[in-house]
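The file query.cif comes next; it holds mmCIF, C-alpha atoms and all ligand atoms.
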```cif
data_run
loop_
_atom_site.label_atom_id
_atom_site.label_comp_id
_atom_site.auth_asym_id
_atom_site.auth_seq_id
_atom_site.Cartn_x
_atom_site.Cartn_y
_atom_site.Cartn_z
CA MET Z 146 19.27 -13.29 -12.30
CA ARG Z 147 16.87 -12.44 -9.53
CA ILE Z 148 16.87 -11.73 -5.85
CA GLU Z 149 13.64 -13.23 -4.56
CA TYR Z 150 12.24 -12.22 -1.21
CA THR Z 151 9.43 -13.10 1.13
CA LEU Z 152 7.94 -10.22 3.07
CA LYS Z 153 6.05 -10.95 6.25
CA VAL Z 154 3.60 -8.26 7.27
CA GLU Z 155 3.07 -8.99 10.95
CA ALA Z 156 0.70 -6.24 11.99
CA GLU Z 157 -2.55 -4.96 10.59
CA TYR Z 158 -2.53 -2.59 7.64
CA HIS Z 159 -4.88 -0.51 5.54
CA ILE Z 160 -5.89 -1.92 2.21
CA GLY Z 161 -6.20 0.75 -0.41
CA SER Z 162 -9.24 -0.22 -2.46
CA GLY Z 163 -12.46 1.03 -3.94
CA LEU Z 164 -13.98 1.24 -0.48
CA THR Z 165 -11.74 3.99 0.73
CA GLN Z 166 -11.99 7.65 0.11
CA PRO Z 167 -8.86 8.97 -1.54
CA GLY Z 168 -6.41 10.24 1.01
CA LEU Z 169 -7.86 8.47 4.02
CA ALA Z 170 -5.92 5.25 3.64
CA ASP Z 171 -2.49 4.95 2.14
CA GLU Z 172 -2.09 2.90 -0.99
CA THR Z 173 0.73 0.63 -0.03
CA ILE Z 174 -1.11 -2.64 -0.08
CA VAL Z 175 -3.82 -2.55 -2.70
CA ARG Z 176 -6.29 -4.84 -4.38
CA ARG Z 177 -6.38 -5.80 -8.04
CA HIS Z 178 -9.68 -5.96 -9.91
CA ASP Z 179 -9.68 -9.73 -9.38
CA GLY Z 180 -9.52 -9.21 -5.63
CA GLN Z 181 -5.88 -10.16 -5.23
CA LEU Z 182 -3.80 -8.13 -2.77
CA PHE Z 183 -0.37 -6.89 -3.76
CA ILE Z 184 2.26 -4.28 -3.00
CA PRO Z 185 2.98 -2.20 -6.10
CA ALA Z 186 6.53 -2.43 -7.43
CA GLU Z 187 7.03 1.32 -7.34
CA TYR Z 188 6.18 1.51 -3.66
CA PHE Z 189 8.53 -1.32 -2.81
CA ARG Z 190 11.28 0.19 -4.90
CA GLY Z 191 10.99 3.49 -3.02
CA LEU Z 192 10.98 1.74 0.32
CA LEU Z 193 14.10 -0.24 -0.55
CA ARG Z 194 15.80 2.87 -1.87
CA ASP Z 195 15.29 4.59 1.49
CA CYS Z 196 16.81 1.61 3.29
CA CYS Z 197 19.77 1.45 0.92
CA THR Z 198 20.38 5.17 1.27
CA GLN Z 199 20.53 4.71 5.05
CA ILE Z 200 23.13 1.98 4.68
CA LEU Z 201 25.24 4.14 2.41
CA TYR Z 202 25.15 6.93 5.00
CA TRP Z 203 26.14 4.59 7.82
CA THR Z 204 29.02 3.11 5.89
CA GLY Z 205 30.28 6.43 4.59
CA ASN Z 206 29.61 5.43 1.01
CA TYR Z 207 26.89 7.91 0.15
CA LYS Z 208 28.05 9.92 -2.83
CA PHE Z 209 25.77 12.92 -2.41
CA CYS Z 210 24.92 12.72 -6.06
CA CYS Z 211 21.41 11.35 -6.10
CA ASP Z 212 19.55 14.27 -4.57
CA ALA Z 213 17.83 15.05 -7.84
CA ALA Z 214 15.27 12.33 -7.15
CA LEU Z 215 13.76 14.52 -4.45
CA TYR Z 216 13.13 17.43 -6.76
CA LYS Z 217 11.53 18.15 -10.08
CA ALA Z 218 13.71 17.50 -13.09
CA PRO Z 219 15.85 20.62 -13.54
CA VAL Z 220 15.49 22.90 -16.52
CA GLU Z 221 18.71 23.80 -18.28
CA GLY Z 222 19.30 27.08 -16.47
CA GLU Z 223 19.09 25.43 -13.03
CA MET Z 224 21.53 22.63 -13.60
CA VAL Z 225 24.61 24.76 -13.34
CA GLN Z 226 23.67 26.80 -10.29
CA SER Z 227 22.13 24.37 -7.91
CA SER Z 228 24.01 21.55 -6.27
CA VAL Z 229 20.84 19.70 -5.29
CA THR Z 230 20.28 18.73 -8.91
CA LYS Z 231 23.55 16.83 -9.16
CA THR Z 232 23.01 13.43 -10.67
CA CYS Z 233 25.32 10.68 -11.80
CA GLY Z 234 25.90 11.16 -15.51
CA LEU Z 235 24.55 14.70 -15.59
CA ASN Z 236 27.02 16.97 -13.87
CA TYR Z 237 28.58 14.56 -11.43
CA ARG Z 238 30.66 11.46 -12.10
CA VAL Z 239 30.14 12.10 -15.78
CA ASN Z 240 33.05 9.95 -16.89
CA GLU Z 241 32.69 7.24 -14.26
CA ALA Z 242 30.19 4.48 -13.64
CA PRO Z 243 27.11 5.86 -11.88
CA CYS Z 244 27.09 5.31 -8.12
CA VAL Z 245 25.56 2.11 -6.79
CA LEU Z 246 22.31 3.86 -5.80
CA CYS Z 247 21.82 5.22 -9.31
CA ARG Z 248 22.68 1.86 -10.87
CA ILE Z 249 20.07 0.05 -8.81
CA PHE Z 250 17.31 2.62 -8.56
CA VAL Z 251 17.95 4.66 -11.70
CA THR Z 252 17.95 8.38 -12.17
CA THR Z 253 17.24 10.19 -15.38
CA PHE Z 254 20.77 9.71 -16.61
CA ALA Z 255 21.49 6.17 -15.49
CA LYS Z 256 20.30 3.18 -17.46
CA LYS Z 257 17.66 0.94 -15.98
CA SER Z 258 19.29 -2.32 -15.05
CA TYR Z 259 16.93 -3.73 -12.44
CA ARG Z 260 13.28 -4.63 -12.64
CA PHE Z 261 11.21 -4.64 -9.46
CA SER Z 262 8.19 -6.91 -9.41
CA ASP Z 263 5.00 -6.25 -7.54
CA ALA Z 264 5.06 -8.15 -4.25
CA GLU Z 265 2.26 -10.67 -4.65
CA PHE Z 266 0.04 -11.85 -1.84
CA GLU Z 267 0.92 -15.41 -0.90
CA LYS Z 268 -1.29 -16.20 2.09
CA PHE Z 269 -2.60 -14.87 5.36
CA ASP Z 270 -0.41 -15.73 8.30
CA CYS Z 271 -2.47 -15.58 11.46
CA GLY Z 272 -2.12 -19.04 12.93
CA ASP Z 273 -5.89 -19.15 13.35
CA GLU Z 274 -8.27 -20.71 10.84
CA GLU Z 275 -11.37 -18.97 12.14
CA PHE Z 276 -10.37 -15.39 11.69
CA GLU Z 277 -11.90 -12.98 9.25
CA PRO Z 278 -9.04 -12.11 6.89
CA VAL Z 279 -10.18 -8.67 5.80
CA PRO Z 280 -12.65 -7.13 8.21
CA ILE Z 281 -14.22 -3.90 7.09
CA SER Z 282 -13.90 -1.12 9.56
CA THR Z 283 -16.14 1.93 9.58
CA HIS Z 284 -15.17 5.13 11.33
CA ASN Z 285 -16.91 8.39 11.83
CA ARG Z 286 -16.73 11.57 13.75
CA ILE Z 287 -19.73 13.16 15.41
CA ASP Z 288 -20.22 16.86 14.93
CA PRO Z 289 -20.50 18.22 18.52
CA ALA Z 290 -22.76 21.07 17.36
CA THR Z 291 -25.45 18.93 15.76
CA GLY Z 292 -24.86 15.50 17.30
CA ARG Z 293 -24.86 14.03 13.82
CA VAL Z 294 -22.24 12.48 11.67
CA PRO Z 295 -21.51 14.76 8.76
CA GLN Z 296 -21.41 12.75 5.59
CA ASP Z 297 -17.91 13.83 4.78
CA LEU Z 298 -16.56 12.38 7.98
CA LEU Z 299 -17.91 8.89 7.54
CA PHE Z 300 -15.39 6.58 6.04
CA THR Z 301 -14.74 2.90 5.66
CA PHE Z 302 -11.65 0.89 5.02
CA GLU Z 303 -10.54 -2.67 4.82
CA LEU Z 304 -8.15 -3.88 7.45
CA GLY Z 305 -5.70 -6.56 6.38
CA LYS Z 306 -4.54 -9.32 8.70
CA PRO Z 307 -0.93 -10.50 8.91
CA ALA Z 308 0.09 -11.89 5.55
CA ILE Z 309 2.99 -13.05 3.45
CA PHE Z 310 3.97 -11.44 0.16
CA LYS Z 311 6.53 -12.54 -2.40
CA GLY Z 312 8.41 -10.50 -4.96
CA TYR Z 313 11.69 -10.26 -6.79
CA ILE Z 314 14.27 -7.82 -8.04
CA GLU Z 315 15.75 -8.87 -11.34
CA ARG Z 316 18.89 -7.72 -13.05
CA VAL Z 317 17.84 -7.17 -16.65
CA GLU Z 318 20.99 -5.65 -18.11
CA PRO Z 319 24.11 -7.69 -18.83
CA PHE Z 320 26.35 -8.02 -15.81
CA PRO Z 321 28.85 -5.33 -15.05
CA LYS Z 322 32.20 -6.19 -13.58
CA THR Z 323 32.05 -8.64 -10.71
CA GLU Z 324 32.89 -6.03 -8.09
CA LEU Z 325 30.08 -3.77 -9.33
CA LEU Z 326 27.64 -6.66 -9.19
CA LEU Z 327 28.75 -7.52 -5.67
CA GLU Z 328 28.33 -3.93 -4.63
CA GLU Z 329 24.80 -3.82 -6.05
CA PHE Z 330 23.66 -7.15 -4.64
CA GLY Z 331 25.28 -6.55 -1.29
CA LEU Z 332 23.43 -3.27 -0.97
CA ILE Z 333 20.08 -4.68 -2.15
CA ILE Z 334 20.28 -7.59 0.28
CA ALA Z 335 21.31 -5.40 3.21
CA GLY Z 336 18.53 -2.96 2.28
CA LEU Z 337 15.93 -5.72 2.23
CA ARG Z 338 17.02 -6.77 5.70
CA LEU Z 339 16.47 -3.24 6.93
CA ILE Z 340 12.80 -3.00 5.94
CA GLU Z 341 10.64 -2.81 9.01
CA ARG Z 342 7.41 -1.20 7.97
CA ILE Z 343 4.97 -1.13 5.08
CA GLY Z 344 2.78 1.89 4.66
CA LYS Z 345 2.67 5.39 6.07
CA ARG Z 346 0.55 4.81 9.10
CA SER Z 347 2.73 4.03 12.08
CA ALA Z 348 0.28 4.51 14.97
CA ARG Z 349 -0.30 1.33 16.98
CA GLY Z 350 2.47 -0.41 15.10
CA TRP Z 351 0.48 -0.81 11.91
CA GLY Z 352 2.24 -2.27 8.94
CA TRP Z 353 5.13 -3.72 10.89
CA ALA Z 354 6.92 -6.01 8.46
CA TYR Z 355 10.20 -7.68 7.71
CA VAL Z 356 11.86 -9.63 4.95
CA ASP Z 357 11.84 -13.23 6.02
CA GLN Z 358 13.66 -15.06 3.25
CA ILE Z 359 15.97 -13.96 0.48
CA SER Z 360 17.25 -16.25 -2.22
CA LEU Z 361 19.09 -15.88 -5.45
CA ALA Z 362 17.57 -17.38 -8.58
CA LEU Z 363 19.78 -17.92 -11.58
CA ARG Z 364 18.48 -18.63 -15.01
CA GLY Z 365 19.83 -19.67 -18.37
CA GLY Z 366 23.56 -20.23 -18.25
CA LEU Z 367 24.38 -17.33 -16.02
CA LYS Z 368 25.63 -19.51 -13.24
CA ASP Z 369 29.24 -19.41 -14.33
CA GLU Z 370 29.34 -15.66 -14.13
CA LEU Z 371 28.80 -15.69 -10.39
CA PRO Z 372 31.62 -16.22 -7.96
CA VAL Z 373 29.46 -18.00 -5.39
CA GLN Z 374 26.07 -19.56 -5.10
CA VAL Z 375 24.28 -17.62 -2.44
CA LYS Z 376 21.72 -19.23 -0.21
CA ASP Z 377 19.69 -17.72 2.54
CA SER Z 378 22.09 -18.42 5.34
CA PRO Z 379 23.38 -15.71 7.63
CA GLU Z 380 26.95 -16.76 6.90
CA ASP Z 381 26.52 -16.24 3.17
CA TRP Z 382 24.90 -12.86 3.66
CA ARG Z 383 27.64 -11.79 6.02
CA VAL Z 384 30.21 -12.60 3.37
CA TRP Z 385 28.30 -10.65 0.74
CA LEU Z 386 27.76 -7.69 2.98
CA LYS Z 387 31.39 -7.72 4.00
CA ALA Z 388 32.38 -7.77 0.37
CA PHE Z 389 30.17 -4.74 -0.15
CA LEU Z 390 31.66 -2.87 2.78
CA LEU Z 391 35.18 -3.65 1.61
CA GLY Z 392 34.36 -2.66 -1.91
CA GLY Z 393 33.93 -6.21 -3.20
CA ASP Z 394 36.87 -8.57 -2.84
CA GLU Z 395 36.07 -11.58 -4.96
CA SER Z 396 39.00 -13.76 -3.92
CA GLU Z 397 38.13 -13.43 -0.26
CA MET Z 398 34.55 -14.45 -0.94
CA VAL Z 399 35.50 -17.62 -2.73
CA ALA Z 400 37.99 -18.48 -0.03
CA SER Z 401 35.51 -18.11 2.79
CA GLU Z 402 32.91 -20.26 1.09
CA GLY Z 403 34.41 -23.55 2.17
ZN ZN U 1 24.37 8.51 -8.13
#
```
Take the structure in the file and write it out as structure tokens.
Amino acid sequence: MRIEYTLKVEAEYHIGSGLTQPGLADETIVRRHDGQLFIPAEYFRGLLRDCCTQILYWTGNYKFCCDAALYKAPVEGEMVQSSVTKTCGLNYRVNEAPCVLCRIFVTTFAKKSYRFSDAEFEKFDCGDEEFEPVPISTHNRIDPATGRVPQDLLFTFELGKPAIFKGYIERVEPFPKTELLLEEFGLIIAGLRLIERIGKRSARGWGWAYVDQISLALRGGLKDELPVQVKDSPEDWRVWLKAFLLGGDESEMVASEG
């Protein structure tokens, strides 16, 4: 079962590619050897994790158990002393299901149950047929002492125009209990809705983006395991999000469907 999404990048962005010097452009949107643009799965996963963490803070559901992701893996001696290395399954919630954040985004001690795809370039979205999709932009800095451009300060990057990307998040493990699944999906969907930027560079509004469409794709006889068929309508999402906030009340969801 997959959550499929369409990401609209509405403002210009750097393209990390062979043209750039390392470190000058971020590597959020990159180019494959065949020229195709995409957003690497690992970047998108990190971005969504940040959004989901925010939601958990706002709703008072953050478990303070996933801090380990921010640090190096602890060696044995450190685990006991330091609270920042608490992780679901390690020294926190050992006998319970890992928290929703760990179930979706995985820590060392939680099983991987979701696969994040790369977000693939779909098309440019400029409303103008005559534009140059990927202009190359060259920048330099003149050394005031010599009036010349030192070689180190000359750099070039590709500038991407507004574009649409598509990706998915797939549940690869067998389904947990319905309320756990609702909690996971509710959080993923709410997190997707919270995305507002791609890339590190925020000056001049670069990389402004949002998730335009979300849909649920079911495959191979899994349909019966789901309480509702979710479409991309605000009403459906509200129900799912509400279920998440309430801790997942299945009966209420079915009732509000009709
Ligand atoms: Zn956790």
CA of Arg342 in chain Z to CA of Pro185 in chain Z: how many Å, to one decimal? 14.8 Å
Excluding Ile359 in chain Z and residues on its chain fewer than 4 positions from it, collect all residues at most 7 Å away from it, counting all atoms listed in the file, and give them as a ChimeraX atom specification. /Z:148-151,377
Would you mind exporting C-alpha atoms of the selected residues as a PDB file, in the frame of the given file?
```pdb
ATOM      1  CA  ILE Z 148      16.870 -11.730  -5.850  1.00  0.00           C
ATOM      2  CA  GLU Z 149      13.640 -13.230  -4.560  1.00  0.00           C
ATOM      3  CA  TYR Z 150      12.240 -12.220  -1.210  1.00  0.00           C
ATOM      4  CA  THR Z 151       9.430 -13.100   1.130  1.00  0.00           C
ATOM      5  CA  ASP Z 377      19.690 -17.720   2.540  1.00  0.00           C
TER       6      ASP Z 377
END
```
Judged by all atoms listed in the file, the minimum distance to ligand ZN 1 (chain U) among Z:Gly312, Z:Gly234, Z:Gly336, Z:Gly352 is found for Z:Gly234
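Between CA of Val245 in chain Z and CA of Val356 in chain Z the separation is 21.5 Å.
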Pairwise distance for CA of Tyr207 in chain Z and CA of Lys256 in chain Z, rounded to one decimal in Å: 19.4 Å
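Among Z:Tyr237, Z:Phe183, Z:Trp353, Z:Tyr158, the residue with the shortest atom-to-atom distance to Glu303 in chain Z, counting only C-alpha atoms, is Z:Tyr158.
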Ser258 in chain Z environment, 6 Å, all atoms listed in the file, sequence neighbours closer than 3 positions dropped, as an MDAnalysis selection string: chainID Z and resid 316:318
Written file, previous selection with C-alpha atoms, as a PDB file, in the coordinates of the input:
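What landed in selection24.pdb:
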```pdb
ATOM      1  CA  ARG Z 316      18.890  -7.720 -13.050  1.00  0.00           C
ATOM      2  CA  VAL Z 317      17.840  -7.170 -16.650  1.00  0.00           C
ATOM      3  CA  GLU Z 318      20.990  -5.650 -18.110  1.00  0.00           C
TER       4      GLU Z 318
END
```
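Across Z:Glu315, Z:Glu328, Z:Glu241, Z:Asp357, the tightest approach to ligand ZN 1 (chain U) is made by Z:Glu241 when counting all atoms listed in the file.
With distances taken over all atoms listed in the file, Z:Ile314 is the one residue among Z:Ala308, Z:Ile314, Z:Cys244, Z:Ala335 lying closest to Arg147 in chain Z.
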Determine the nearest neighbour of ligand ZN 1 (chain U) from the options Z:Leu326, Z:Val239, Z:Ala186, Z:Ile343, counting only C-alpha atoms and all ligand atoms. Z:Val239
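If you measure from each of Z:Pro243, Z:Pro307, Z:Gly180, Z:Pro319 to ligand ZN 1 (chain U) using all atoms listed in the file, the closest one turns out to be Z:Pro243.
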Residue neighbourhood Leu246 in chain Z, 9 Å, only C-alpha atoms, exclusion window fewer than 2 positions, as a PyMOL selection string: chain Z and resi 194+197-198+201+207-208+211+243-244+248-252+329+332
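When the distance limit is 10 Å and only C-alpha atoms are what count, the residues near Leu339 in chain Z, minus those fewer than 4 positions from it on the same chain, are Leu192, Leu193, Asp195, Cys196, Cys197, Gln199, Ile200, Ile333, Ile334, Ala335, Tyr355 and Val356 of chain Z.
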